[in-house]
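Visitor: This is my_file_25.txt (compact mmCIF, C-alpha atoms).
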```
# COMPACT_ATOMS: atom_id res chain seq x y z
CA MET A 1 -6.51 2.01 -3.49
CA THR A 2 -7.74 5.46 -4.44
CA VAL A 3 -9.17 8.06 -2.08
CA GLU A 4 -10.28 11.64 -2.33
CA VAL A 5 -8.88 13.74 0.51
CA THR A 6 -9.83 17.12 1.87
CA ILE A 7 -7.56 18.94 4.28
CA LEU A 8 -9.57 20.12 7.28
CA ASP A 9 -6.67 21.17 9.49
CA ALA A 10 -3.41 21.96 7.69
CA ALA A 11 -1.59 22.40 11.03
CA ALA A 12 -2.55 18.85 12.08
CA VAL A 13 -1.27 17.50 8.75
CA ALA A 14 2.00 19.40 9.27
CA ARG A 15 2.29 18.01 12.82
CA GLY A 16 1.68 14.50 11.45
CA ALA A 17 4.46 15.03 8.90
CA LYS A 18 6.87 16.27 11.61
CA GLU A 19 6.01 13.26 13.81
CA ALA A 20 6.57 10.87 10.90
CA GLU A 21 9.91 12.58 10.22
CA ARG A 22 10.95 12.15 13.87
CA ASN A 23 10.08 8.44 13.67
CA THR A 24 12.07 7.90 10.49
CA VAL A 25 15.14 5.73 10.79
CA ASP A 26 18.15 6.48 8.61
CA LEU A 27 19.54 3.19 7.33
CA GLY A 28 22.63 4.79 5.86
CA PRO A 29 23.67 5.49 2.29
CA VAL A 30 21.65 4.12 -0.58
CA PRO A 31 23.57 1.66 -2.78
CA ASP A 32 24.72 2.75 -6.23
CA GLY A 33 24.09 6.43 -5.44
CA GLU A 34 20.33 6.12 -5.98
CA ALA A 35 18.35 9.08 -4.65
CA VAL A 36 15.57 8.42 -2.17
CA GLY A 37 12.89 11.05 -1.76
CA PRO A 38 13.14 14.69 -2.78
CA ALA A 39 16.48 16.42 -2.77
CA PRO A 40 16.89 18.81 0.19
CA GLU A 41 16.90 21.89 -2.05
CA GLU A 42 13.56 21.03 -3.67
CA ALA A 43 10.57 23.08 -2.61
CA PRO A 44 7.90 21.16 -0.70
CA GLY A 45 4.90 20.03 -2.71
CA SER A 46 1.27 20.79 -2.12
CA PRO A 47 -0.47 19.95 1.16
CA VAL A 48 -1.99 16.93 -0.61
CA ASP A 49 1.55 15.82 -1.51
CA THR A 50 2.36 15.99 2.21
CA ILE A 51 -0.51 13.60 2.92
CA ALA A 52 0.69 11.23 0.21
CA GLY A 53 4.09 11.23 1.89
CA LEU A 54 2.46 10.07 5.14
CA ILE A 55 0.86 7.03 3.50
CA TRP A 56 2.86 3.85 3.80
CA ALA A 57 1.20 1.34 1.47
CA THR A 58 2.12 -1.66 3.62
CA ASP A 59 0.20 -0.41 6.68
CA GLY A 60 -2.35 -3.04 7.58
CA GLN A 61 -0.54 -5.81 5.68
CA HIS A 62 2.09 -6.73 8.29
CA ASP A 63 0.13 -9.74 9.62
CA LEU A 64 -0.15 -11.10 6.08
CA MET A 65 3.58 -10.69 5.47
CA GLU A 66 4.49 -12.23 8.84
CA ALA A 67 2.20 -15.18 8.13
CA GLY A 68 4.05 -15.78 4.86
CA ALA A 69 0.98 -15.11 2.70
CA PHE A 70 2.92 -12.78 0.40
CA ARG A 71 6.00 -10.65 -0.12
CA ILE A 72 5.94 -6.98 -1.10
CA MET A 73 7.59 -6.51 -4.48
CA GLU A 74 6.82 -2.86 -5.30
CA ILE A 75 5.06 0.16 -3.81
CA THR A 76 3.78 3.09 -5.84
CA SER A 77 1.73 6.21 -5.19
CA GLU A 78 0.32 9.05 -7.23
CA VAL A 79 -1.22 12.40 -6.33
CA ALA A 80 -3.63 14.51 -8.38
CA ASP A 81 -4.38 17.89 -6.81
CA LYS A 82 -7.85 19.27 -7.42
CA SER A 83 -7.30 22.44 -5.39
CA SER A 84 -5.00 23.68 -2.64
CA ASN A 85 -6.80 21.59 -0.03
CA ARG A 86 -8.29 18.72 -2.04
CA GLY A 87 -6.91 15.96 -4.16
CA VAL A 88 -6.96 12.32 -5.13
CA ILE A 89 -4.31 9.94 -3.83
CA THR A 90 -3.72 6.47 -5.25
CA TRP A 91 -1.35 3.93 -3.77
CA SER A 92 -0.64 0.34 -4.58
CA SER A 93 1.51 -2.51 -3.48
CA THR A 94 2.51 -5.27 -5.84
CA VAL A 95 2.86 -8.51 -3.95
CA LYS A 96 3.91 -12.01 -4.76
CA LEU A 97 1.53 -14.52 -3.25
CA THR A 98 3.58 -17.12 -1.47
CA HIS A 99 0.85 -18.97 0.40
CA VAL A 100 -2.70 -18.46 -0.87
CA GLU A 101 -4.24 -20.72 1.79
CA ARG A 102 -2.72 -18.62 4.59
CA LEU A 103 -4.23 -15.53 3.00
CA ARG A 104 -7.61 -17.24 2.92
CA GLU A 105 -7.21 -18.50 6.51
CA LEU A 106 -6.51 -14.99 7.78
CA ALA A 107 -9.48 -13.61 5.85
CA SER A 108 -11.79 -16.35 7.13
CA GLY A 109 -10.58 -15.73 10.68
CA THR A 110 -11.80 -12.13 10.55
CA HIS A 111 -14.90 -12.76 8.40
CA PRO A 112 -16.04 -16.38 9.00
CA ALA A 113 -19.48 -15.80 7.48
CA ASP A 114 -17.84 -15.02 4.11
CA GLY A 115 -15.85 -18.26 3.91
CA ALA A 116 -17.34 -19.33 0.57
CA LEU A 117 -16.65 -15.93 -1.03
CA ILE A 118 -13.11 -15.94 0.36
CA ALA A 119 -12.47 -19.41 -1.05
CA ASP A 120 -13.69 -18.38 -4.52
CA ASP A 121 -12.17 -14.92 -4.94
CA LEU A 122 -8.64 -13.69 -4.17
CA GLU A 123 -9.78 -10.05 -4.16
CA VAL A 124 -12.35 -10.82 -1.47
CA ALA A 125 -9.74 -12.80 0.47
CA ARG A 126 -7.22 -9.95 0.38
CA ASN A 127 -9.73 -7.27 1.29
CA HIS A 128 -11.10 -9.37 4.16
CA ALA A 129 -7.63 -10.28 5.45
CA ALA A 130 -6.43 -6.67 5.72
CA ASP A 131 -8.07 -3.25 5.70
CA PRO A 132 -7.27 -1.76 2.28
CA TYR A 133 -7.56 1.77 3.69
CA ALA A 134 -5.33 1.25 6.75
CA PRO A 135 -2.60 3.53 5.30
CA ILE A 136 -4.87 6.61 5.28
CA ARG A 137 -6.83 6.04 8.50
CA TRP A 138 -4.20 7.49 10.89
CA VAL A 139 -3.45 10.70 8.93
CA PRO A 140 -4.57 13.65 11.10
CA GLY A 141 -6.43 16.75 9.94
CA ILE A 142 -8.14 15.29 6.89
CA ALA A 143 -11.42 13.89 5.68
CA TRP A 144 -11.24 11.18 3.07
CA ARG A 145 -13.64 9.29 0.89
CA PRO A 146 -12.87 5.92 -0.69
CA LEU A 147 -13.06 5.87 -4.48
CA THR A 148 -11.73 2.48 -5.59
CA VAL A 149 -10.15 -0.68 -4.28
CA ALA A 150 -8.87 -3.01 -6.94
CA VAL A 151 -7.03 -6.29 -6.62
CA GLU A 152 -5.64 -7.69 -9.81
CA HIS A 153 -4.43 -11.27 -9.91
CA LEU A 154 -1.76 -11.98 -12.47
CA PRO A 155 -1.07 -15.71 -12.69
CA ALA A 156 2.60 -16.62 -12.49
CA ARG A 157 4.35 -16.94 -15.80
CA PRO A 158 5.57 -20.43 -16.58
CA ARG A 159 9.24 -20.81 -15.87
CA ARG A 160 11.55 -21.25 -18.79
CA PHE A 161 14.53 -23.43 -18.21
CA ARG A 162 17.69 -22.79 -20.13
CA SER A 163 19.86 -25.63 -21.07
CA ASP A 164 23.60 -25.34 -20.63
CA ARG A 165 23.94 -27.46 -23.72
CA GLY A 166 24.37 -25.68 -27.06
```
Please re-express this file's structure in structure tokens.
Guide:
Amino acid sequence: MTVEVTILDAAAVARGAKEAERNTVDLGPVPDGEAVGPAPEEAPGSPVDTIAGLIWATDGQHDLMEAGAFRIMEITSEVADKSSNRGVITWSSTVKLTHVERLRELASGTHPADGALIADDLEVARNHAADPYAPIRWVPGIAWRPLTVAVEHLPARPRRFRSDRG
């Protein structure tokens, strides 16, 4: 998903960041000494970077995960500042479909009139089952405009079996 954001109220964005920080749970040390997030001595990024830090790509997908439709494999985000108060934010989640019919059932439940489209197209099914822009909707102090929503289906690779025999 890609959106263009404009900061209307920098103080509201800062309050949103403080609230998100208060609601963060520390799960303890990261295995293998991997760093998570910016080091404490790093200077904060731009205001648009702050907004990107408030976006959690799985927002709006919890029902799909709980229903067993897919598992989250990877989350990425990218920020491109256009000015001090405007920028483009892109986020994505790579998922492994575990139950395509459940995905389609959830989509049909919310959009029954589009049943035929949902049955024929995984992108339609995904976008009808969950709001693709849910992660940005709650961020205070901004205006945003959708740019793109893309769902790419990569068929599973055939499994290769190794033989224990030489």
Visitor: Compare A:Pro132, A:Arg145, A:Ala52, A:Asp121 by their minimum atom-to-atom distance to Glu78 of chain A, counting all atoms listed in the file, and give me the closest one.
Guide: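 Ranking A:Pro132, A:Arg145, A:Ala52, A:Asp121 by distance to Glu78 of chain A, first place goes to A:Ala52.
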Visitor: Within 9 Å of segment 67-76 of chain A, counting all atoms listed in the file, which residues show up once you throw out same-chain ones fewer than 2 positions away? Write them as a ChimeraX atom specification, please.
Guide: /A:56-58,62-65,78,90-104,106
Visitor: Give, as JSON, the centre coordinates and the x, y and z edge lengths in Å to one decimal for an axis-aligned box around all listed atoms of segment 123-134 of chain A, padded by 4 Å on each side.
Guide:
```
{"center_x": -8.8, "center_y": -5.5, "center_z": 1.3, "size_x": 15.0, "size_y": 22.6, "size_z": 18.9}
```
Visitor: Set the distance at 9 Å and use only C-alpha atoms: which residues neighbour Val151 of chain A once local chain neighbours fewer than 4 positions away are removed? I'd like the list as a VMD selection string.
Guide: chain A and resid 1 122 to 124 126 to 127
Visitor: Would you compute the distance between atom CA of Ala150 of chain A and atom CA of Asp120 of chain A? Give it in Å to one decimal.
Guide: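 So the answer is 16.3 Å.
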